[in-house]
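Notes for the one structure printed next.
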Amino acid sequence: MSDDIPFDKSFDLEPDRVREIAPGVRAIAADNPSPFTFKGTVSYIVGRGQVAIIDPGPDDATHIAALLDAVRGETVTHIFVTHTHRDHSPAVPKVKAATGAAVFAQGPHRLSRPLHTGDVRRLDASADMEFRPDIALADGEVVSGRGWTLEAVATPGHTANHMAFAFKEADLLFAGDHVMAWSTTIVAPPDGAMSDYMASLQKLAARGEPTYLSGHGAPVREAPRYVQFLIRHRRGREASILHRLGKGAADIPTIVKAVYIGLDPRLIGAAGLSVLAHLEELVARGAVVTDGTPSIAGTYRLA
Ligand SMILES: [Zn+2]
């Protein structure tokens with residue numbers, strides 16, 4: 001699956017050991033590996049002396065201690081959150097309590113669209129419903145501290161409140177889970193939406209940052225080119241779904257089986273939601289029909 005994308009599955013951060021990975025950027029990975037988080041969530045420290053932390057990570061005592069240890073003797077003035085999944089934001093209250101930093105993000109967790117009858121929110125447990133930023137950021141808003149300037153880049157799709165942050169001084173982008181070197185991201189309705197995700201990829205494709213630092217995995221090099229691969233990949237997946245429906249009406253498990261060859265069985269549920277995300281967009285465009293609103297249990301056919 002996805003052999004059309006030049007993935008980089010390298011990862012050389014040891015869990016909870018801080019390392020400078022770009023000028024003015026230190027990275028520290030939590031020890032929470034899984035099929036969804038790869039080797040673990042990567043938290044970032046921006047600047048020196050007076051610093052910002054991006055994505056404090058899961059509520060994991062070892063990770064929080066390592067993160068606070070890494071900034072010992074420095075002042076944490078800002079905490080930024082890319083999105084409200086449980087592997088990114090639940091460490092915020094403890095890190096905020098220990099540092100007094102203000103918390104910046106797009107907003108609390110919210111759905112990309114209203115709940116439909118029959119929606120199974122199977123990724124519900126992955127959302128951090130408690131999170132509230134001190135300061136809600138709008139797209140394009142610029143926040144600066146000593147020696148660093150971050151521009152908020154709204155990138156909905158993986159979640160409705162997903163935000164990337166452009167680090168002006170180093171010409172790189174903190175991409176959260178929107179763009180990652182090791183894998184495509186999960187776009188699972190109703191938390192995520194395919195039309196938003198594709199628009200967010202187009203938005204990044206028009207930007208110049210050559211390197212992205214992501215929530216999981218190694219840095220993304222030649223990022224604008226990589227984003228084009230991601231766009232082509234989703235268009236290809238959409239074509240595969242339409243091709244399968246060209247052979248007759250099908251439900252989502254049947255489409256997953258036809259489209260995802262060699263899929264890790266642990267990811268079947270996520271793949272079904274990803275197909276639902278494509279189908280929602282295809283129904284909205286009038287290319288595909290289903291009975292009622294698109295749902296995970298529905299049957300789909302070409303219009
Ligand atoms: Zn994540």
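By order in the structure tokens, chains are A, B, ...; within a chain, residues start at 1; ligands start at 1, following the order shown.
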
Cut-off 7 Å: closest chain A/ligand 1 atom pairs per residue, using only C-alpha atoms and all ligand atoms, as JSON lines:
```
{"residue": "A:Thr37", "atom": "CA", "partner": "ligand 1", "partner_atom_place_in_ligand_line": "1 (Zn)", "distance": 5.7}
{"residue": "A:Thr41", "atom": "CA", "partner": "ligand 1", "partner_atom_place_in_ligand_line": "1 (Zn)", "distance": 6.1}
{"residue": "A:His85", "atom": "CA", "partner": "ligand 1", "partner_atom_place_in_ligand_line": "1 (Zn)", "distance": 6.4}
{"residue": "A:Asp87", "atom": "CA", "partner": "ligand 1", "partner_atom_place_in_ligand_line": "1 (Zn)", "distance": 5.4}
{"residue": "A:His88", "atom": "CA", "partner": "ligand 1", "partner_atom_place_in_ligand_line": "1 (Zn)", "distance": 5.9}
{"residue": "A:Asp177", "atom": "CA", "partner": "ligand 1", "partner_atom_place_in_ligand_line": "1 (Zn)", "distance": 5.5}
{"residue": "A:Gly215", "atom": "CA", "partner": "ligand 1", "partner_atom_place_in_ligand_line": "1 (Zn)", "distance": 5.6}
{"residue": "A:His216", "atom": "CA", "partner": "ligand 1", "partner_atom_place_in_ligand_line": "1 (Zn)", "distance": 6.4}
```

Alpha helix (DSSP H) per DSSP on the backbone: members of stretch 63-181 of chain A, as a PyMOL selection string: chain A and resi 63-70+92-99

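Within the 7 Å cut-off around A:Val18, using only C-alpha atoms and omitting residues fewer than 6 positions from it on the same chain, the listed residues are A:Arg26, A:Ala27, A:Ile28, A:Ala70.
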
Q) Leaving out stretch 124-138 of chain A and any residue of its chain fewer than 5 positions from it, which residues lie within 7 Å of it when counting only C-alpha atoms, given as a list in words? A)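 Here the answer would be Thr84, His85, Arg86, Ser89, Pro90, Ala102, Val103, Phe104, Ala105, Gln106, Gly107, Pro108, His109 and Ala152 of chain A.
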
How would the residues just picked look written out with N, CA and C atoms as a compact mmCIF listing (two decimals), in the first residue's frame?
```txt
# COMPACT_ATOMS: atom_id res chain seq x y z
N THR A 84 -5.77 18.17 18.87
CA THR A 84 -6.18 17.63 20.17
C THR A 84 -6.39 16.12 20.14
N HIS A 85 -5.38 15.39 19.70
CA HIS A 85 -5.40 13.94 19.88
C HIS A 85 -4.61 13.59 21.14
N ARG A 86 -4.95 12.44 21.71
CA ARG A 86 -4.43 12.11 23.04
C ARG A 86 -2.93 11.87 23.08
N SER A 89 -1.77 16.46 23.12
CA SER A 89 -2.11 17.57 24.02
C SER A 89 -2.31 17.22 25.50
N PRO A 90 -2.54 15.96 25.90
CA PRO A 90 -2.85 15.74 27.33
C PRO A 90 -1.75 16.09 28.31
N ALA A 102 1.82 30.16 28.57
CA ALA A 102 0.48 30.31 27.98
C ALA A 102 0.33 29.31 26.84
N VAL A 103 -0.90 28.82 26.67
CA VAL A 103 -1.16 27.75 25.70
C VAL A 103 -1.87 28.32 24.47
N PHE A 104 -1.29 28.04 23.29
CA PHE A 104 -1.79 28.55 22.02
C PHE A 104 -2.23 27.39 21.13
N ALA A 105 -3.43 27.49 20.54
CA ALA A 105 -3.90 26.48 19.60
C ALA A 105 -5.10 27.04 18.85
N GLN A 106 -5.55 26.30 17.84
CA GLN A 106 -6.70 26.77 17.08
C GLN A 106 -7.95 26.81 17.96
N GLY A 107 -8.13 25.77 18.77
CA GLY A 107 -9.31 25.74 19.64
C GLY A 107 -9.48 24.37 20.25
N PRO A 108 -10.58 24.17 21.02
CA PRO A 108 -10.85 22.86 21.60
C PRO A 108 -11.15 21.83 20.50
N HIS A 109 -11.18 20.56 20.88
CA HIS A 109 -11.52 19.53 19.91
C HIS A 109 -12.95 19.74 19.40
N ALA A 152 0.86 30.74 12.51
CA ALA A 152 -0.15 29.69 12.56
C ALA A 152 -0.68 29.43 11.15
```

For A:Trp182, which residue among A:Val76, A:Leu302, A:Leu230, A:Ala66 is the nearest when counting only C-alpha atoms?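 Of all the options, A:Leu230 lies closest to A:Trp182.
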
As a list in words, which residues of stretch 173-286 of chain A does DSSP assign to strand (DSSP E or B)?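 For stretch 173-286 of chain A, the strand (DSSP E or B) set is Leu173, Phe174, Ala175, Gly176, Thr211, Tyr212, Leu213, Ser214, Val220, Ala250 and Asp251 of chain A.
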
Would you mind exporting the chosen residues as a PDB file, in the first residue's frame, restricted to C-alpha atoms?
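New file part.pdb:
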```pdb
ATOM      1  CA  LEU A 173       7.244  24.107   9.254  1.00  0.00           C
ATOM      2  CA  PHE A 174       6.011  22.171  12.268  1.00  0.00           C
ATOM      3  CA  ALA A 175       3.488  20.024  10.413  1.00  0.00           C
ATOM      4  CA  GLY A 176       1.868  18.073  13.266  1.00  0.00           C
ATOM      5  CA  THR A 211      11.620  20.982   5.587  1.00  0.00           C
ATOM      6  CA  TYR A 212       8.776  19.900   7.860  1.00  0.00           C
ATOM      7  CA  LEU A 213       9.110  18.618  11.410  1.00  0.00           C
ATOM      8  CA  SER A 214       6.174  16.327  12.154  1.00  0.00           C
ATOM      9  CA  VAL A 220      10.152  15.643   5.805  1.00  0.00           C
ATOM     10  CA  ALA A 250     -20.398  -2.035  -2.563  1.00  0.00           C
ATOM     11  CA  ASP A 251     -20.204  -1.472   1.168  1.00  0.00           C
TER      12      ASP A 251
END
```

Who sits within 9 Å of A:Glu14, only C-alpha atoms, same chain under 3 positions skipped, as a JSON list (two decimals) with N, CA, C and O atoms, in the first residue's frame:
```
[["chain", "number", "residue", "atom", "x", "y", "z"],
["A", 11, "PHE", "N", 14.17, 6.68, 11.82],
["A", 11, "PHE", "CA", 13.86, 7.45, 13.04],
["A", 11, "PHE", "C", 14.97, 7.17, 14.02],
["A", 11, "PHE", "O", 15.18, 6.03, 14.44],
["A", 17, "ARG", "N", 14.96, 11.28, 25.08],
["A", 17, "ARG", "CA", 16.31, 11.87, 25.08],
["A", 17, "ARG", "C", 16.28, 13.06, 24.14],
["A", 17, "ARG", "O", 15.94, 12.91, 22.96],
["A", 18, "VAL", "N", 16.58, 14.23, 24.66],
["A", 18, "VAL", "CA", 16.46, 15.44, 23.85],
["A", 18, "VAL", "C", 17.62, 15.56, 22.87],
["A", 18, "VAL", "O", 18.75, 15.15, 23.19],
["A", 28, "ILE", "N", 12.20, 15.77, 21.20],
["A", 28, "ILE", "CA", 12.21, 14.76, 22.25],
["A", 28, "ILE", "C", 10.98, 13.87, 22.04],
["A", 28, "ILE", "O", 9.85, 14.35, 22.04],
["A", 29, "ALA", "N", 11.23, 12.59, 21.81],
["A", 29, "ALA", "CA", 10.16, 11.65, 21.45],
["A", 29, "ALA", "C", 9.62, 10.95, 22.68],
["A", 29, "ALA", "O", 10.37, 10.48, 23.52],
["A", 30, "ALA", "N", 8.29, 10.86, 22.77],
["A", 30, "ALA", "CA", 7.66, 10.08, 23.85],
["A", 30, "ALA", "C", 7.77, 8.60, 23.50],
["A", 30, "ALA", "O", 7.94, 8.22, 22.34],
["A", 31, "ASP", "N", 7.69, 7.78, 24.55],
["A", 31, "ASP", "CA", 7.82, 6.32, 24.35],
["A", 31, "ASP", "C", 6.40, 5.73, 24.21],
["A", 31, "ASP", "O", 5.97, 4.93, 25.03]]
```

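Nearest to A:Ile186 of all the residues A:Ala271, A:Ala223, A:Met198, A:Leu111 is A:Ala271, counting only C-alpha atoms.
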
Residue with the minimum atom-to-atom distance to A:Arg234, picked from A:Thr299, A:Thr290, A:Ser195, A:Thr254 with only C-alpha atoms counted, is A:Ser195

| message | Residues near A:Val283, anyone? I mean within 10 Å using only C-alpha atoms, not counting same-chain ones fewer than 5 positions away, as a ChimeraX atom specification. | response | /A:278,288-290,293-294,300-303

Tell me, as a PyMOL selection string, which residues lie within 12 Å of A:Ile296, counting only C-alpha atoms; anything in the same chain fewer than 3 positions away does not count.
chain A and resi 116-122+188-190+250-256+269-280+290-293+299-300

Once you have the residues from the selection above, write them out as a PDB file, in the first residue's frame, restricted to C-alpha atoms.
```
ATOM      1  CA  HIS A 116     -24.892  11.494  11.188  1.00  0.00           C
ATOM      2  CA  THR A 117     -27.156   8.677  12.297  1.00  0.00           C
ATOM      3  CA  GLY A 118     -25.130   5.491  12.337  1.00  0.00           C
ATOM      4  CA  ASP A 119     -21.771   7.266  12.793  1.00  0.00           C
ATOM      5  CA  VAL A 120     -19.440   5.050  14.749  1.00  0.00           C
ATOM      6  CA  ARG A 121     -16.944   7.299  16.472  1.00  0.00           C
ATOM      7  CA  ARG A 122     -14.478   4.487  16.929  1.00  0.00           C
ATOM      8  CA  ALA A 188     -11.492   9.747   9.771  1.00  0.00           C
ATOM      9  CA  PRO A 189     -14.960  11.329   9.803  1.00  0.00           C
ATOM     10  CA  PRO A 190     -16.558  12.893  11.747  1.00  0.00           C
ATOM     11  CA  ALA A 250     -20.398  -2.035  -2.563  1.00  0.00           C
ATOM     12  CA  ASP A 251     -20.204  -1.472   1.168  1.00  0.00           C
ATOM     13  CA  ILE A 252     -17.101  -0.072   2.873  1.00  0.00           C
ATOM     14  CA  PRO A 253     -15.534  -3.418   3.984  1.00  0.00           C
ATOM     15  CA  THR A 254     -15.739  -4.623   0.360  1.00  0.00           C
ATOM     16  CA  ILE A 255     -14.119  -1.426  -0.907  1.00  0.00           C
ATOM     17  CA  VAL A 256     -11.337  -1.626   1.724  1.00  0.00           C
ATOM     18  CA  GLY A 269     -10.917   0.153  11.029  1.00  0.00           C
ATOM     19  CA  ALA A 270      -8.929   3.273  10.158  1.00  0.00           C
ATOM     20  CA  ALA A 271      -8.892   2.320   6.471  1.00  0.00           C
ATOM     21  CA  GLY A 272     -12.696   1.994   6.549  1.00  0.00           C
ATOM     22  CA  LEU A 273     -12.981   5.501   7.978  1.00  0.00           C
ATOM     23  CA  SER A 274     -10.563   6.806   5.355  1.00  0.00           C
ATOM     24  CA  VAL A 275     -12.729   5.270   2.615  1.00  0.00           C
ATOM     25  CA  LEU A 276     -15.773   6.861   4.267  1.00  0.00           C
ATOM     26  CA  ALA A 277     -13.943  10.212   4.122  1.00  0.00           C
ATOM     27  CA  HIS A 278     -13.454   9.790   0.350  1.00  0.00           C
ATOM     28  CA  LEU A 279     -17.058   8.656  -0.117  1.00  0.00           C
ATOM     29  CA  GLU A 280     -18.395  11.677   1.776  1.00  0.00           C
ATOM     30  CA  THR A 290     -25.919   6.173  -1.070  1.00  0.00           C
ATOM     31  CA  ASP A 291     -29.143   5.906   0.918  1.00  0.00           C
ATOM     32  CA  GLY A 292     -29.405   8.788   3.375  1.00  0.00           C
ATOM     33  CA  THR A 293     -26.267  10.487   4.666  1.00  0.00           C
ATOM     34  CA  THR A 299     -23.839   0.843   0.499  1.00  0.00           C
ATOM     35  CA  TYR A 300     -22.445   3.016  -2.273  1.00  0.00           C
TER      36      TYR A 300
END
```

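Take atom CA of A:Ala164 and atom CA of A:Leu204: the distance between them is 9.6 Å.
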